[in-house]
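Asks: Got target.pdb for you, PDB, C-alpha atoms, pLDDT in the B column:
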```
ATOM      1  CA  MET V   1      90.558 145.078  62.717  1.00 49.00           C
ATOM      2  CA  GLY V   2      88.769 142.937  60.141  1.00 54.00           C
ATOM      3  CA  ARG V   3      86.791 139.869  61.010  1.00 60.00           C
ATOM      4  CA  GLY V   4      88.667 136.584  61.099  1.00 61.00           C
ATOM      5  CA  LYS V   5      88.042 133.873  58.562  1.00 64.00           C
ATOM      6  CA  VAL V   6      84.970 131.840  59.469  1.00 62.00           C
ATOM      7  CA  GLU V   7      85.317 128.082  59.120  1.00 66.00           C
ATOM      8  CA  LEU V   8      82.522 126.781  56.932  1.00 77.00           C
ATOM      9  CA  LYS V   9      80.967 123.797  58.599  1.00 81.00           C
ATOM     10  CA  ARG V  10      77.543 122.776  59.836  1.00 83.00           C
ATOM     11  CA  ILE V  11      76.396 124.734  62.883  1.00 82.00           C
ATOM     12  CA  GLU V  12      75.580 122.229  65.615  1.00 80.00           C
ATOM     13  CA  SER V  13      73.286 124.426  67.709  1.00 83.00           C
ATOM     14  CA  PRO V  14      69.744 124.430  66.208  1.00 81.00           C
ATOM     15  CA  ILE V  15      69.068 127.949  67.502  1.00 85.00           C
ATOM     16  CA  SER V  16      72.309 129.375  66.125  1.00 85.00           C
ATOM     17  CA  ARG V  17      71.725 127.526  62.865  1.00 85.00           C
ATOM     18  CA  GLN V  18      68.251 129.052  62.486  1.00 87.00           C
ATOM     19  CA  VAL V  19      69.506 132.561  63.301  1.00 87.00           C
ATOM     20  CA  THR V  20      72.345 132.232  60.793  1.00 89.00           C
ATOM     21  CA  PHE V  21      69.956 130.900  58.131  1.00 89.00           C
ATOM     22  CA  SER V  22      67.605 133.865  58.611  1.00 89.00           C
ATOM     23  CA  LYS V  23      70.422 136.430  58.411  1.00 90.00           C
ATOM     24  CA  ARG V  24      72.148 134.885  55.411  1.00 91.00           C
ATOM     25  CA  ARG V  25      68.873 134.224  53.602  1.00 91.00           C
ATOM     26  CA  THR V  26      68.018 137.896  53.895  1.00 90.00           C
ATOM     27  CA  GLY V  27      71.495 138.791  52.699  1.00 91.00           C
ATOM     28  CA  ILE V  28      71.444 136.557  49.631  1.00 92.00           C
ATOM     29  CA  LEU V  29      67.969 137.742  48.639  1.00 90.00           C
ATOM     30  CA  LYS V  30      69.195 141.343  48.919  1.00 92.00           C
ATOM     31  CA  LYS V  31      72.254 140.535  46.792  1.00 93.00           C
ATOM     32  CA  ALA V  32      70.052 138.923  44.149  1.00 90.00           C
ATOM     33  CA  PHE V  33      67.869 142.042  44.018  1.00 91.00           C
ATOM     34  CA  GLU V  34      70.887 144.335  43.788  1.00 91.00           C
ATOM     35  CA  LEU V  35      72.406 142.238  41.003  1.00 91.00           C
ATOM     36  CA  SER V  36      69.213 142.420  38.962  1.00 89.00           C
ATOM     37  CA  VAL V  37      68.898 146.182  39.391  1.00 89.00           C
ATOM     38  CA  LEU V  38      72.532 147.227  39.013  1.00 90.00           C
ATOM     39  CA  CYS V  39      73.374 144.907  36.120  1.00 90.00           C
ATOM     40  CA  ASP V  40      69.956 144.494  34.495  1.00 87.00           C
ATOM     41  CA  ALA V  41      70.339 140.745  34.988  1.00 89.00           C
ATOM     42  CA  GLU V  42      67.499 138.249  35.017  1.00 90.00           C
ATOM     43  CA  VAL V  43      67.808 136.593  38.412  1.00 91.00           C
ATOM     44  CA  ALA V  44      65.802 133.798  39.964  1.00 90.00           C
ATOM     45  CA  LEU V  45      66.659 132.525  43.442  1.00 90.00           C
ATOM     46  CA  ILE V  46      65.047 129.569  45.221  1.00 89.00           C
ATOM     47  CA  VAL V  47      65.890 128.666  48.829  1.00 89.00           C
ATOM     48  CA  PHE V  48      64.412 125.905  50.970  1.00 88.00           C
ATOM     49  CA  SER V  49      64.867 126.133  54.715  1.00 86.00           C
ATOM     50  CA  PRO V  50      65.915 123.028  56.722  1.00 83.00           C
ATOM     51  CA  SER V  51      62.230 122.555  57.550  1.00 83.00           C
ATOM     52  CA  GLY V  52      61.297 122.693  53.852  1.00 83.00           C
ATOM     53  CA  LYS V  53      59.873 126.221  53.749  1.00 85.00           C
ATOM     54  CA  LEU V  54      60.297 127.950  50.396  1.00 86.00           C
ATOM     55  CA  TYR V  55      61.868 131.379  49.911  1.00 87.00           C
ATOM     56  CA  GLN V  56      62.275 132.800  46.428  1.00 88.00           C
ATOM     57  CA  TYR V  57      63.073 135.935  44.464  1.00 89.00           C
ATOM     58  CA  ALA V  58      62.660 136.598  40.762  1.00 88.00           C
ATOM     59  CA  SER V  59      63.450 139.798  38.932  1.00 88.00           C
ATOM     60  CA  HIS V  60      61.177 138.649  36.081  1.00 86.00           C
ATOM     61  CA  ASP V  61      58.621 135.889  35.670  1.00 85.00           C
ATOM     62  CA  ILE V  62      60.178 132.949  37.479  1.00 84.00           C
ATOM     63  CA  ASN V  63      58.585 130.355  35.172  1.00 84.00           C
ATOM     64  CA  ARG V  64      60.110 132.096  32.164  1.00 85.00           C
ATOM     65  CA  THR V  65      63.508 132.191  33.870  1.00 86.00           C
ATOM     66  CA  ILE V  66      63.287 128.485  34.715  1.00 84.00           C
ATOM     67  CA  ALA V  67      62.278 127.696  31.125  1.00 84.00           C
ATOM     68  CA  MET V  68      65.306 129.642  29.884  1.00 86.00           C
ATOM     69  CA  TYR V  69      67.531 127.727  32.259  1.00 86.00           C
ATOM     70  CA  ARG V  70      66.167 124.366  31.160  1.00 83.00           C
ATOM     71  CA  SER V  71      66.660 125.272  27.539  1.00 82.00           C
ATOM     72  CA  GLU V  72      70.198 126.500  28.222  1.00 84.00           C
ATOM     73  CA  VAL V  73      71.328 123.274  29.952  1.00 81.00           C
ATOM     74  CA  GLY V  74      69.418 120.948  27.659  1.00 78.00           C
ATOM     75  CA  LEU V  75      66.668 119.799  30.003  1.00 73.00           C
ATOM     76  CA  PRO V  76      63.262 118.878  28.545  1.00 70.00           C
ATOM     77  CA  GLN V  77      60.591 121.534  28.821  1.00 65.00           C
ATOM     78  CA  SER V  78      57.396 120.824  30.709  1.00 60.00           C
ATOM     79  CA  SER V  79      54.155 122.710  31.046  1.00 54.00           C
ATOM     80  CA  ASN V  80      53.869 121.350  34.582  1.00 56.00           C
ATOM     81  CA  PRO V  81      56.888 122.378  36.695  1.00 55.00           C
ATOM     82  CA  ALA V  82      55.975 120.007  39.544  1.00 56.00           C
ATOM     83  CA  CYS V  83      55.679 117.077  37.145  1.00 55.00           C
ATOM     84  CA  SER V  84      58.916 118.047  35.461  1.00 54.00           C
ATOM     85  CA  THR V  85      60.684 118.147  38.809  1.00 58.00           C
ATOM     86  CA  ARG V  86      59.413 114.681  39.712  1.00 60.00           C
ATOM     87  CA  ILE V  87      60.465 113.313  36.340  1.00 55.00           C
ATOM     88  CA  GLY V  88      63.922 114.852  36.722  1.00 59.00           C
ATOM     89  CA  THR V  89      64.303 113.384  40.208  1.00 68.00           C
ATOM     90  CA  MET V  90      63.211 109.938  39.039  1.00 69.00           C
ATOM     91  CA  GLU V  91      65.622 110.092  36.130  1.00 69.00           C
ATOM     92  CA  LEU V  92      68.437 111.102  38.454  1.00 71.00           C
ATOM     93  CA  TRP V  93      67.731 108.189  40.806  1.00 78.00           C
ATOM     94  CA  ARG V  94      67.415 105.824  37.865  1.00 76.00           C
ATOM     95  CA  ASN V  95      70.796 106.885  36.533  1.00 75.00           C
ATOM     96  CA  GLU V  96      72.441 106.556  39.956  1.00 78.00           C
ATOM     97  CA  THR V  97      70.871 103.120  40.459  1.00 82.00           C
ATOM     98  CA  GLU V  98      72.129 101.946  37.095  1.00 80.00           C
ATOM     99  CA  GLU V  99      75.595 103.285  37.849  1.00 81.00           C
ATOM    100  CA  LEU V 100      75.648 101.476  41.197  1.00 84.00           C
ATOM    101  CA  ARG V 101      74.497  98.257  39.511  1.00 83.00           C
ATOM    102  CA  ARG V 102      77.323  98.490  36.976  1.00 82.00           C
ATOM    103  CA  SER V 103      79.840  99.174  39.742  1.00 83.00           C
ATOM    104  CA  ILE V 104      78.631  96.144  41.721  1.00 86.00           C
ATOM    105  CA  GLN V 105      78.838  93.904  38.663  1.00 83.00           C
ATOM    106  CA  LYS V 106      82.336  95.156  37.944  1.00 82.00           C
ATOM    107  CA  MET V 107      83.463  94.530  41.528  1.00 85.00           C
ATOM    108  CA  GLU V 108      81.924  91.033  41.537  1.00 85.00           C
ATOM    109  CA  MET V 109      83.732  90.166  38.306  1.00 82.00           C
ATOM    110  CA  ARG V 110      86.959  91.564  39.780  1.00 82.00           C
ATOM    111  CA  LEU V 111      86.586  89.310  42.828  1.00 82.00           C
ATOM    112  CA  LYS V 112      86.010  86.312  40.576  1.00 82.00           C
ATOM    113  CA  ASN V 113      89.153  87.173  38.597  1.00 79.00           C
ATOM    114  CA  LEU V 114      91.183  87.456  41.802  1.00 79.00           C
ATOM    115  CA  ALA V 115      89.877  84.014  42.788  1.00 81.00           C
ATOM    116  CA  GLY V 116      91.039  82.621  39.430  1.00 80.00           C
ATOM    117  CA  ALA V 117      87.597  82.396  37.809  1.00 82.00           C
ATOM    118  CA  GLU V 118      86.125  83.951  34.657  1.00 77.00           C
ATOM    119  CA  LEU V 119      89.606  84.531  33.212  1.00 78.00           C
ATOM    120  CA  SER V 120      88.652  83.686  29.631  1.00 79.00           C
ATOM    121  CA  MET V 121      87.166  87.175  29.200  1.00 75.00           C
ATOM    122  CA  LEU V 122      90.498  88.848  29.975  1.00 74.00           C
ATOM    123  CA  GLY V 123      93.167  89.769  27.468  1.00 81.00           C
ATOM    124  CA  MET V 124      96.908  89.296  27.863  1.00 84.00           C
ATOM    125  CA  GLN V 125      97.468  92.786  29.283  1.00 85.00           C
ATOM    126  CA  GLU V 126      94.648  92.365  31.781  1.00 83.00           C
ATOM    127  CA  LEU V 127      95.999  88.969  32.824  1.00 83.00           C
ATOM    128  CA  LYS V 128      99.474  90.428  33.364  1.00 86.00           C
ATOM    129  CA  GLN V 129      98.021  93.261  35.425  1.00 85.00           C
ATOM    130  CA  LEU V 130      96.030  90.754  37.464  1.00 81.00           C
ATOM    131  CA  GLU V 131      99.167  88.681  38.002  1.00 86.00           C
ATOM    132  CA  ARG V 132     101.080  91.743  39.243  1.00 88.00           C
ATOM    133  CA  GLN V 133      98.267  92.608  41.622  1.00 84.00           C
ATOM    134  CA  LEU V 134      98.156  89.064  42.976  1.00 85.00           C
ATOM    135  CA  LYS V 135     101.936  89.038  43.475  1.00 88.00           C
ATOM    136  CA  THR V 136     101.716  92.352  45.311  1.00 87.00           C
ATOM    137  CA  GLY V 137      98.885  90.995  47.448  1.00 84.00           C
ATOM    138  CA  VAL V 138     100.838  87.825  48.288  1.00 86.00           C
ATOM    139  CA  GLN V 139     103.884  89.889  49.251  1.00 88.00           C
ATOM    140  CA  ARG V 140     101.794  92.072  51.543  1.00 88.00           C
ATOM    141  CA  ILE V 141     100.174  89.002  53.116  1.00 88.00           C
ATOM    142  CA  ARG V 142     103.556  87.360  53.709  1.00 89.00           C
ATOM    143  CA  SER V 143     104.933  90.589  55.143  1.00 88.00           C
ATOM    144  CA  GLU V 144     101.991  90.842  57.537  1.00 89.00           C
ATOM    145  CA  MET V 145     102.365  87.176  58.524  1.00 91.00           C
ATOM    146  CA  THR V 146     106.078  87.725  59.177  1.00 90.00           C
ATOM    147  CA  ARG V 147     105.321  90.769  61.312  1.00 90.00           C
ATOM    148  CA  ILE V 148     102.700  88.901  63.373  1.00 91.00           C
ATOM    149  CA  THR V 149     105.013  85.877  63.780  1.00 90.00           C
ATOM    150  CA  SER V 150     107.881  88.111  64.950  1.00 90.00           C
ATOM    151  CA  GLU V 151     105.613  89.831  67.473  1.00 90.00           C
ATOM    152  CA  ASN V 152     104.438  86.447  68.799  1.00 91.00           C
ATOM    153  CA  ILE V 153     108.035  85.228  69.113  1.00 91.00           C
ATOM    154  CA  ARG V 154     109.024  88.380  71.022  1.00 91.00           C
ATOM    155  CA  LEU V 155     106.012  87.959  73.298  1.00 90.00           C
ATOM    156  CA  LEU V 156     106.861  84.315  73.996  1.00 90.00           C
ATOM    157  CA  LYS V 157     110.488  85.236  74.752  1.00 90.00           C
ATOM    158  CA  ARG V 158     109.351  87.901  77.213  1.00 91.00           C
ATOM    159  CA  LYS V 159     107.020  85.409  78.905  1.00 91.00           C
ATOM    160  CA  HIS V 160     109.772  82.779  79.038  1.00 89.00           C
ATOM    161  CA  LYS V 161     112.204  85.269  80.561  1.00 89.00           C
ATOM    162  CA  ALA V 162     109.632  86.334  83.135  1.00 89.00           C
ATOM    163  CA  GLN V 163     108.989  82.694  84.051  1.00 90.00           C
ATOM    164  CA  GLN V 164     112.722  82.044  84.435  1.00 89.00           C
ATOM    165  CA  GLU V 165     113.081  85.054  86.736  1.00 89.00           C
ATOM    166  CA  GLU V 166     110.087  83.887  88.779  1.00 88.00           C
ATOM    167  CA  ASN V 167     111.578  80.381  89.000  1.00 87.00           C
ATOM    168  CA  ARG V 168     114.919  81.750  90.230  1.00 87.00           C
ATOM    169  CA  ARG V 169     113.113  83.884  92.795  1.00 87.00           C
ATOM    170  CA  LEU V 170     111.171  80.888  94.090  1.00 86.00           C
ATOM    171  CA  GLN V 171     114.291  78.717  94.247  1.00 86.00           C
ATOM    172  CA  LYS V 172     116.110  81.409  96.196  1.00 84.00           C
ATOM    173  CA  ARG V 173     113.196  81.677  98.586  1.00 84.00           C
ATOM    174  CA  LEU V 174     113.077  77.898  99.041  1.00 83.00           C
ATOM    175  CA  HIS V 175     116.834  77.810  99.749  1.00 80.00           C
ATOM    176  CA  GLU V 176     116.439  80.528 102.379  1.00 78.00           C
ATOM    177  CA  LEU V 177     113.634  78.568 104.037  1.00 78.00           C
ATOM    178  CA  ASP V 178     115.786  75.413 104.064  1.00 75.00           C
ATOM    179  CA  GLN V 179     118.662  77.274 105.707  1.00 77.00           C
ATOM    180  CA  TYR V 180     116.309  78.738 108.287  1.00 71.00           C
ATOM    181  CA  GLY V 181     114.907  75.275 109.049  1.00 67.00           C
ATOM    182  CA  ASN V 182     118.381  73.758 109.449  1.00 65.00           C
ATOM    183  CA  ALA V 183     119.459  76.559 111.767  1.00 63.00           C
ATOM    184  CA  SER V 184     116.373  76.059 113.929  1.00 61.00           C
ATOM    185  CA  SER V 185     117.049  72.319 114.174  1.00 59.00           C
ATOM    186  CA  SER V 186     120.644  72.938 115.248  1.00 59.00           C
ATOM    187  CA  ILE V 187     119.555  75.323 117.976  1.00 56.00           C
ATOM    188  CA  THR V 188     116.990  72.812 119.300  1.00 59.00           C
ATOM    189  CA  LEU V 189     119.517  69.960 119.338  1.00 53.00           C
ATOM    190  CA  GLY V 190     122.066  72.119 121.165  1.00 58.00           C
ATOM    191  CA  ALA V 191     119.609  73.028 123.869  1.00 58.00           C
ATOM    192  CA  SER V 192     118.661  69.385 124.405  1.00 60.00           C
ATOM    193  CA  ALA V 193     122.305  68.286 124.782  1.00 56.00           C
ATOM    194  CA  ARG V 194     122.968  71.030 127.291  1.00 58.00           C
ATOM    195  CA  ASN V 195     120.003  69.931 129.392  1.00 63.00           C
ATOM    196  CA  VAL V 196     121.280  66.314 129.380  1.00 57.00           C
ATOM    197  CA  ILE V 197     124.731  67.393 130.632  1.00 55.00           C
ATOM    198  CA  ILE V 198     123.267  69.532 133.408  1.00 59.00           C
ATOM    199  CA  ASN V 199     121.037  66.718 134.595  1.00 63.00           C
ATOM    200  CA  ALA V 200     123.990  64.301 134.639  1.00 58.00           C
ATOM    201  CA  PHE V 201     126.012  66.565 136.901  1.00 56.00           C
ATOM    202  CA  GLN V 202     123.111  67.112 139.233  1.00 59.00           C
ATOM    203  CA  THR V 203     122.624  63.401 139.714  1.00 56.00           C
TER     204      THR V 203
END
```
Could you spell out this file's structure in structure tokens?

Replies:
Amino acid sequence: MGRGKVELKRIESPISRQVTFSKRRTGILKKAFELSVLCDAEVALIVFSPSGKLYQYASHDINRTIAMYRSEVGLPQSSNPACSTRIGTMELWRNETEELRRSIQKMEMRLKNLAGAELSMLGMQELKQLERQLKTGVQRIRSEMTRITSENIRLLKRKHKAQQEENRRLQKRLHELDQYGNASSSITLGASARNVIINAFQT
């Protein structure tokens, strides 16, 4: 039987994760070597462990391979690979920061438009789209308000019904106590009358 499909997700156990990293690192380095030998390919492989340790393989001069890669994808060449890496990282963060800034500005302007401000910058089509969105939002708000109101009404009806049942139970109990009190009074009065009659005959 073949091995079952392994679900690719992060291994939680640190020990198992380290063992798997070591095995698969060895395997991928071996595959890179075999690819370079069997196919006469120029292969460069760089792997950093979770702790930051570097593992690499290059079938040729790795700096030459990296230079070829940079030229192929249009990255600027640098005589200092470490400096080039730092510059590339800074440029990446700069681009992401600028993109986030534009997104924030766009969202802030959108909120202003939804509040009815800064509308002079919008065209007719944008205003119509905004109107449709506002109508949809109002409908959803009204629907939610109706749902909450209905739930509150049902809750109040259940409470009212429970109070009515409790009131009937208490009234029934009070009526039973009244009947019991009347019966006790009748028995006491009867006993007193009987004692009066007996005393009259004895005298």

Asks: Please, what distance in Å, to one decimal, runs between atom CA of V:Ile46 and atom CA of V:Glu34?

Replies: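 Those two atoms sit 15.9 Å apart.
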
Asks: Let me have the centre and edge lengths in Å, one decimal, of the box along x, y and z around every listed atom of stretch 119-125 of chain V with 6 Å of margin on each side, as JSON.

Replies:
```
{"center_x": 92.3, "center_y": 88.2, "center_z": 30.3, "size_x": 22.3, "size_y": 21.1, "size_z": 17.7}
```

Asks: Exactly which residues make up the result of the PyMOL selection byres ((chain V and resi 47) around 10) on this file, given as a list of chain:residue names?

Replies: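 When the PyMOL selection byres ((chain V and resi 47) around 10) is applied to the shown file, the picked residues are V:Arg25, V:Ile28, V:Leu29, V:Leu45, V:Ile46, V:Phe48, V:Ser49, V:Pro50, V:Gly52, V:Lys53, V:Leu54, V:Tyr55, V:Gln56, V:Tyr57.
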
Asks: Find the residue from V:Arg169, V:Lys135, V:His60, V:Arg102 that sits nearest to V:Val37; use only C-alpha atoms when measuring.

Replies: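 Using only C-alpha atoms, the shortest distance to V:Val37 belongs to V:His60.
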
Asks: Which one is closest to V:Cys39: V:Ser59, V:Lys9, V:Arg140, V:Ala162? Count all atoms listed in the file.

Replies: V:Ser59

Asks: Enumerate, as a list of chain:residue names, the residues matched when the PyMOL selection byres ((chain V and resi 43) around 7) is run on the file above.

Replies: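 Matching residues under the PyMOL selection byres ((chain V and resi 43) around 7) are V:Ala32, V:Ser36, V:Ala41, V:Glu42, V:Ala44, V:Leu45, V:Ala58, V:Ser59.
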
Asks: Can you work out which one of V:Leu134, V:Arg64, V:Arg168, V:Lys159 has the shortest atom-to-atom distance to V:Leu111, counting all atoms listed in the file?

Replies: V:Leu134

Asks: So how many Å separate atom CA of V:Arg10 and atom CA of V:Thr26, to one decimal?

Replies: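 Going from atom CA of V:Arg10 over to atom CA of V:Thr26, I get 18.8 Å.
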
Asks: Could you please determine the separation between atom CA of V:Ala115 and atom CA of V:Gln129 in Å, to one decimal place?

Replies: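 Result for atom CA of V:Ala115 versus atom CA of V:Gln129: 14.4 Å, one decimal.
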
Asks: Within 12 Å of (90.6, 84.7, 39.9) (coordinates as in the file), grab all the protein and nucleic acid residues, counting only C-alpha atoms, and write them out as a ChimeraX atom specification.

Replies: /V:108-122,126-127,130-131,133-134
